[in-house]
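Have a look at the structure below before the remarks.
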Amino acid sequence: MTKNDTKYLHAAARVHSLENQMISRQDLLKAIEAHGAEEAFKALSAKGMFRDFSMKEYEKAFERELKETYRLVEDITEQSQITFIFRYPADGHNLKVYAKAQLTAESFEELYKETGTFSPQTMKEELLAKRFDKVPEKLGQAALYAMDQLAKTRDPQMASIIIDNAVLEQMSEKAGEIGNPLLTEYAAAKIDLINIETAIRLMRMKKEPYEVQKILTSGGTLSPAAISGEFSAGYEGMMRLADRAGKKKRLEKSLAALKQGQPLSVLEENLDACFKDLFDKAKIIPFGLEPVIAFLYQKEREIRAARLVLSAKLFGLPKDRIAERVRYIYAD
């Protein structure tokens with residue numbers, strides 16, 4: 001066993017111990033059965049994530065938990081950028097908020113996230129100066145282009161697509177730089193699945209194949225050209241793409257339901273299962289970065305499920321609907 005193996009063995013042991021302190025599915029089910037949002041929050045507040053926060057501040061609790069998790073993982077692995085692939089989506093969110101703020105002349109300060117790879121303040125300074133010393137140039141240029149298109153077309157969906165694609169490409173590039181197979185596979189799977197979902201959305205909008213290829217993201221196992229080539233074949237084409245990406249087993253029921261006219265949410269519900277399959281394999285590796293990376297995914301899943309339960313209780317959604325969505329997030 002090499003020195004690095006020993007280091008990562010310690011890191012793996014550390015995150016395994018932290019997994020036992022996470023919000024479990026049973027905790028979530030107890031919160032779902034609560035009579036209201038406050039009671040649901042109390043059911044989850046035994047976990048350290050919510051210390052010092054009230055029900056109304058649960059988003060701040062999630063933000064702090066993610067920041068502390070990223071800091072811990074970077075410390076125990078001695079790799080400052082290992083968390084970046086999980087943090088780039090927060091950068092993308094902030095870039096979208098900034099683009100909207102520039103168009104409307106409003107600040108939207110309360111919407112910015114502090115869990116990205118650069119701070120909102122740094123982002124504003126870099127974009128204003130049109131320099132990219134602390135913001136990845138791919139993300140910065142995409143934000144400027146999205147702002148330009150938003151000003152011309154007033155189409156927020158297209159602006160979001162521009163930034164989202166840049167985020168996915170940045171994730172893929174960073175995974176390649178780090179050189180970890182799990183991160184590379186995760187980034188590729190993320191791109192494949194979002195591209196398939198985007199293709200289906202466009203198919204339902206009666207778009208032409210040439211329009212599809214312009215919107216899709218490069219970096220997955222399925223090229224935009226390959227997806228565009230199957231586009232005209234409808235759901236049969238999407239099934240072949242899912243098979244080529246190794247996701248047919250998880251997606252075939254959803255694709256069959258979509259073919260029958262079901263809403264796109266039936267596909268979204270099974271995307272979590274695809275990632276669970278990927279990270280479950282990583283958890284059994286006794287040393288290396290894989291268990292630590294899998295922990296990052298589990299932490300994001302934990303927060304997403306807790307957010308779903310608390311926000312759904314606030315809006316008074318039926319218990320069975322909340323429980324069903326949690327089941328999809330934890331994807332057996």
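We label chains A, B, ... in the order they appear in the structure tokens, count residues from 1 in each chain, and number ligands from 1 in the order shown.
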
Got a sec: who's within 7 Å of stretch 55-59 of chain A, counting only C-alpha atoms, leaving out chain neighbours fewer than 4 positions off, as a PDB file with N, CA and C atoms, in the first residue's frame?
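So the final result, stored in out.pdb, reads:
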```
ATOM      1  N   GLU A  38     -43.158  23.053  11.256  1.00  0.00           N
ATOM      2  CA  GLU A  38     -42.368  23.211  12.484  1.00  0.00           C
ATOM      3  C   GLU A  38     -42.086  21.868  13.136  1.00  0.00           C
ATOM      4  N   PHE A  41     -39.532  20.005  11.128  1.00  0.00           N
ATOM      5  CA  PHE A  41     -38.195  20.526  11.390  1.00  0.00           C
ATOM      6  C   PHE A  41     -37.655  19.974  12.708  1.00  0.00           C
ATOM      7  N   GLU A  63     -26.707  25.542   3.525  1.00  0.00           N
ATOM      8  CA  GLU A  63     -25.556  26.247   2.967  1.00  0.00           C
ATOM      9  C   GLU A  63     -24.322  26.039   3.857  1.00  0.00           C
TER      10      GLU A  63
END
```

Using only C-alpha atoms, what does the table of stretch 147-194 of chain A residues within 9 Å of stretch 222-244 of chain A look like, with each row giving the shortest atom pair and its distance in Å to one decimal, sorted by chain and ascending number, as a tab-separated table?
```
residue	atom	partner	partner_atom	distance
A:Ala188	CA	A:Leu222	CA	8.6
A:Ile191	CA	A:Leu222	CA	8.5
A:Asp192	CA	A:Leu222	CA	6.1
A:Leu193	CA	A:Ala242	CA	8.2
```

Q: Please provide as a list in words all residues within 9 Å of stretch 72-75 of chain A, with the sequence filter that same-chain residues fewer than 3 positions apart are discarded (counting only C-alpha atoms).
A: Ala11, Val15, Lys67, Glu68, Thr69, Glu78, Gln79, Ser80, Gln81, Ile82, Thr83, Val292, Ile293 and Leu296 of chain A

Would you return as a PDB file with N, CA and C atoms, in the first residue's frame the members of stretch 51-104 of chain A that DSSP assigns to helix (DSSP H, G or I) on this structure's backbone?
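Below is the file out.pdb, written as the result:
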```pdb
ATOM      1  N   MET A  55     -36.596  26.945  11.934  1.00  0.00           N
ATOM      2  CA  MET A  55     -37.251  26.397  10.759  1.00  0.00           C
ATOM      3  C   MET A  55     -37.141  27.352   9.568  1.00  0.00           C
ATOM      4  N   LYS A  56     -37.314  28.634   9.820  1.00  0.00           N
ATOM      5  CA  LYS A  56     -37.303  29.607   8.728  1.00  0.00           C
ATOM      6  C   LYS A  56     -35.914  29.767   8.100  1.00  0.00           C
ATOM      7  N   GLU A  57     -34.896  29.250   8.791  1.00  0.00           N
ATOM      8  CA  GLU A  57     -33.520  29.423   8.317  1.00  0.00           C
ATOM      9  C   GLU A  57     -32.914  28.136   7.779  1.00  0.00           C
ATOM     10  N   TYR A  58     -33.760  27.170   7.405  1.00  0.00           N
ATOM     11  CA  TYR A  58     -33.200  25.874   7.019  1.00  0.00           C
ATOM     12  C   TYR A  58     -32.305  25.953   5.782  1.00  0.00           C
ATOM     13  N   GLU A  59     -32.570  26.904   4.884  1.00  0.00           N
ATOM     14  CA  GLU A  59     -31.685  27.039   3.724  1.00  0.00           C
ATOM     15  C   GLU A  59     -30.289  27.488   4.150  1.00  0.00           C
ATOM     16  N   LYS A  60     -30.212  28.335   5.172  1.00  0.00           N
ATOM     17  CA  LYS A  60     -28.906  28.747   5.685  1.00  0.00           C
ATOM     18  C   LYS A  60     -28.177  27.557   6.316  1.00  0.00           C
ATOM     19  N   ALA A  61     -28.946  26.679   6.946  1.00  0.00           N
ATOM     20  CA  ALA A  61     -28.355  25.480   7.535  1.00  0.00           C
ATOM     21  C   ALA A  61     -27.755  24.591   6.445  1.00  0.00           C
ATOM     22  N   PHE A  62     -28.478  24.425   5.355  1.00  0.00           N
ATOM     23  CA  PHE A  62     -27.974  23.620   4.244  1.00  0.00           C
ATOM     24  C   PHE A  62     -26.702  24.233   3.660  1.00  0.00           C
ATOM     25  N   GLU A  63     -26.707  25.542   3.525  1.00  0.00           N
ATOM     26  CA  GLU A  63     -25.556  26.247   2.967  1.00  0.00           C
ATOM     27  C   GLU A  63     -24.322  26.039   3.857  1.00  0.00           C
ATOM     28  N   ARG A  64     -24.498  26.175   5.160  1.00  0.00           N
ATOM     29  CA  ARG A  64     -23.371  25.981   6.076  1.00  0.00           C
ATOM     30  C   ARG A  64     -22.878  24.540   6.040  1.00  0.00           C
ATOM     31  N   GLU A  65     -23.817  23.601   5.993  1.00  0.00           N
ATOM     32  CA  GLU A  65     -23.445  22.188   5.981  1.00  0.00           C
ATOM     33  C   GLU A  65     -22.604  21.848   4.752  1.00  0.00           C
ATOM     34  N   LEU A  66     -23.005  22.358   3.605  1.00  0.00           N
ATOM     35  CA  LEU A  66     -22.243  22.084   2.392  1.00  0.00           C
ATOM     36  C   LEU A  66     -20.852  22.720   2.462  1.00  0.00           C
ATOM     37  N   LYS A  67     -20.780  23.949   2.936  1.00  0.00           N
ATOM     38  CA  LYS A  67     -19.489  24.624   3.031  1.00  0.00           C
ATOM     39  C   LYS A  67     -18.549  23.864   3.957  1.00  0.00           C
ATOM     40  N   GLU A  68     -19.065  23.408   5.094  1.00  0.00           N
ATOM     41  CA  GLU A  68     -18.240  22.661   6.039  1.00  0.00           C
ATOM     42  C   GLU A  68     -17.824  21.312   5.460  1.00  0.00           C
ATOM     43  N   THR A  69     -18.725  20.693   4.711  1.00  0.00           N
ATOM     44  CA  THR A  69     -18.409  19.405   4.097  1.00  0.00           C
ATOM     45  C   THR A  69     -17.309  19.554   3.053  1.00  0.00           C
ATOM     46  N   TYR A  70     -17.426  20.562   2.204  1.00  0.00           N
ATOM     47  CA  TYR A  70     -16.406  20.784   1.183  1.00  0.00           C
ATOM     48  C   TYR A  70     -15.054  21.066   1.826  1.00  0.00           C
ATOM     49  N   ARG A  71     -15.057  21.878   2.865  1.00  0.00           N
ATOM     50  CA  ARG A  71     -13.804  22.227   3.550  1.00  0.00           C
ATOM     51  C   ARG A  71     -13.168  20.970   4.167  1.00  0.00           C
ATOM     52  N   LEU A  72     -14.001  20.148   4.782  1.00  0.00           N
ATOM     53  CA  LEU A  72     -13.491  18.925   5.407  1.00  0.00           C
ATOM     54  C   LEU A  72     -12.877  18.000   4.368  1.00  0.00           C
ATOM     55  N   VAL A  73     -13.592  17.762   3.284  1.00  0.00           N
ATOM     56  CA  VAL A  73     -13.108  16.837   2.247  1.00  0.00           C
ATOM     57  C   VAL A  73     -11.804  17.344   1.639  1.00  0.00           C
ATOM     58  N   GLU A  74     -11.708  18.623   1.411  1.00  0.00           N
ATOM     59  CA  GLU A  74     -10.477  19.182   0.857  1.00  0.00           C
ATOM     60  C   GLU A  74      -9.314  19.026   1.842  1.00  0.00           C
ATOM     61  N   ASP A  75      -9.610  19.141   3.125  1.00  0.00           N
ATOM     62  CA  ASP A  75      -8.566  19.002   4.146  1.00  0.00           C
ATOM     63  C   ASP A  75      -8.083  17.554   4.267  1.00  0.00           C
ATOM     64  N   ILE A  76      -9.006  16.606   4.354  1.00  0.00           N
ATOM     65  CA  ILE A  76      -8.593  15.219   4.618  1.00  0.00           C
ATOM     66  C   ILE A  76      -7.997  14.539   3.388  1.00  0.00           C
ATOM     67  N   THR A  77      -8.283  15.070   2.202  1.00  0.00           N
ATOM     68  CA  THR A  77      -7.679  14.506   0.994  1.00  0.00           C
ATOM     69  C   THR A  77      -6.472  15.307   0.527  1.00  0.00           C
ATOM     70  N   PHE A  84     -14.733  20.586  -6.563  1.00  0.00           N
ATOM     71  CA  PHE A  84     -15.181  21.575  -7.549  1.00  0.00           C
ATOM     72  C   PHE A  84     -16.306  21.058  -8.438  1.00  0.00           C
ATOM     73  N   ILE A  85     -16.252  19.792  -8.824  1.00  0.00           N
ATOM     74  CA  ILE A  85     -17.276  19.253  -9.724  1.00  0.00           C
ATOM     75  C   ILE A  85     -18.656  19.340  -9.080  1.00  0.00           C
ATOM     76  N   PHE A  86     -18.712  19.226  -7.768  1.00  0.00           N
ATOM     77  CA  PHE A  86     -19.985  19.335  -7.058  1.00  0.00           C
ATOM     78  C   PHE A  86     -20.359  20.792  -6.783  1.00  0.00           C
ATOM     79  N   ARG A  87     -19.401  21.689  -6.896  1.00  0.00           N
ATOM     80  CA  ARG A  87     -19.650  23.098  -6.578  1.00  0.00           C
ATOM     81  C   ARG A  87     -19.941  23.970  -7.798  1.00  0.00           C
ATOM     82  N   TYR A  88     -19.549  23.508  -8.979  1.00  0.00           N
ATOM     83  CA  TYR A  88     -19.789  24.312 -10.177  1.00  0.00           C
ATOM     84  C   TYR A  88     -21.270  24.642 -10.410  1.00  0.00           C
ATOM     85  N   PRO A  89     -22.211  23.739 -10.106  1.00  0.00           N
ATOM     86  CA  PRO A  89     -23.622  24.118 -10.282  1.00  0.00           C
ATOM     87  C   PRO A  89     -24.028  25.347  -9.471  1.00  0.00           C
ATOM     88  N   ALA A  90     -23.435  25.523  -8.277  1.00  0.00           N
ATOM     89  CA  ALA A  90     -23.721  26.730  -7.489  1.00  0.00           C
ATOM     90  C   ALA A  90     -23.161  27.961  -8.193  1.00  0.00           C
ATOM     91  N   ASP A  91     -21.993  27.819  -8.826  1.00  0.00           N
ATOM     92  CA  ASP A  91     -21.463  28.925  -9.625  1.00  0.00           C
ATOM     93  C   ASP A  91     -22.436  29.270 -10.747  1.00  0.00           C
ATOM     94  N   GLY A  92     -22.963  28.231 -11.408  1.00  0.00           N
ATOM     95  CA  GLY A  92     -23.911  28.462 -12.491  1.00  0.00           C
ATOM     96  C   GLY A  92     -25.160  29.173 -12.007  1.00  0.00           C
ATOM     97  N   HIS A  93     -25.638  28.760 -10.846  1.00  0.00           N
ATOM     98  CA  HIS A  93     -26.802  29.433 -10.254  1.00  0.00           C
ATOM     99  C   HIS A  93     -26.512  30.915 -10.044  1.00  0.00           C
ATOM    100  N   ASN A  94     -25.349  31.222  -9.480  1.00  0.00           N
ATOM    101  CA  ASN A  94     -24.991  32.622  -9.216  1.00  0.00           C
ATOM    102  C   ASN A  94     -24.853  33.430 -10.502  1.00  0.00           C
ATOM    103  N   LEU A  95     -24.311  32.812 -11.536  1.00  0.00           N
ATOM    104  CA  LEU A  95     -24.175  33.505 -12.814  1.00  0.00           C
ATOM    105  C   LEU A  95     -25.549  33.823 -13.411  1.00  0.00           C
ATOM    106  N   LYS A  96     -26.502  32.924 -13.254  1.00  0.00           N
ATOM    107  CA  LYS A  96     -27.864  33.173 -13.745  1.00  0.00           C
ATOM    108  C   LYS A  96     -28.514  34.316 -12.960  1.00  0.00           C
ATOM    109  N   VAL A  97     -28.321  34.314 -11.645  1.00  0.00           N
ATOM    110  CA  VAL A  97     -28.880  35.391 -10.822  1.00  0.00           C
ATOM    111  C   VAL A  97     -28.291  36.727 -11.244  1.00  0.00           C
ATOM    112  N   TYR A  98     -26.978  36.749 -11.466  1.00  0.00           N
ATOM    113  CA  TYR A  98     -26.311  37.995 -11.864  1.00  0.00           C
ATOM    114  C   TYR A  98     -26.817  38.475 -13.226  1.00  0.00           C
ATOM    115  N   ALA A  99     -26.992  37.550 -14.157  1.00  0.00           N
ATOM    116  CA  ALA A  99     -27.489  37.923 -15.488  1.00  0.00           C
ATOM    117  C   ALA A  99     -28.877  38.539 -15.386  1.00  0.00           C
ATOM    118  N   LYS A 100     -29.712  37.938 -14.567  1.00  0.00           N
ATOM    119  CA  LYS A 100     -31.063  38.468 -14.387  1.00  0.00           C
ATOM    120  C   LYS A 100     -31.015  39.835 -13.694  1.00  0.00           C
ATOM    121  N   ALA A 101     -30.116  39.969 -12.731  1.00  0.00           N
ATOM    122  CA  ALA A 101     -29.989  41.248 -12.013  1.00  0.00           C
ATOM    123  C   ALA A 101     -29.564  42.367 -12.951  1.00  0.00           C
ATOM    124  N   GLN A 102     -28.665  42.058 -13.883  1.00  0.00           N
ATOM    125  CA  GLN A 102     -28.216  43.084 -14.826  1.00  0.00           C
ATOM    126  C   GLN A 102     -29.336  43.509 -15.758  1.00  0.00           C
ATOM    127  N   LEU A 103     -30.199  42.579 -16.110  1.00  0.00           N
ATOM    128  CA  LEU A 103     -31.299  42.896 -17.019  1.00  0.00           C
ATOM    129  C   LEU A 103     -32.368  43.732 -16.335  1.00  0.00           C
ATOM    130  N   THR A 104     -32.642  43.424 -15.074  1.00  0.00           N
ATOM    131  CA  THR A 104     -33.748  44.069 -14.365  1.00  0.00           C
ATOM    132  C   THR A 104     -33.311  45.224 -13.474  1.00  0.00           C
TER     133      THR A 104
END
```
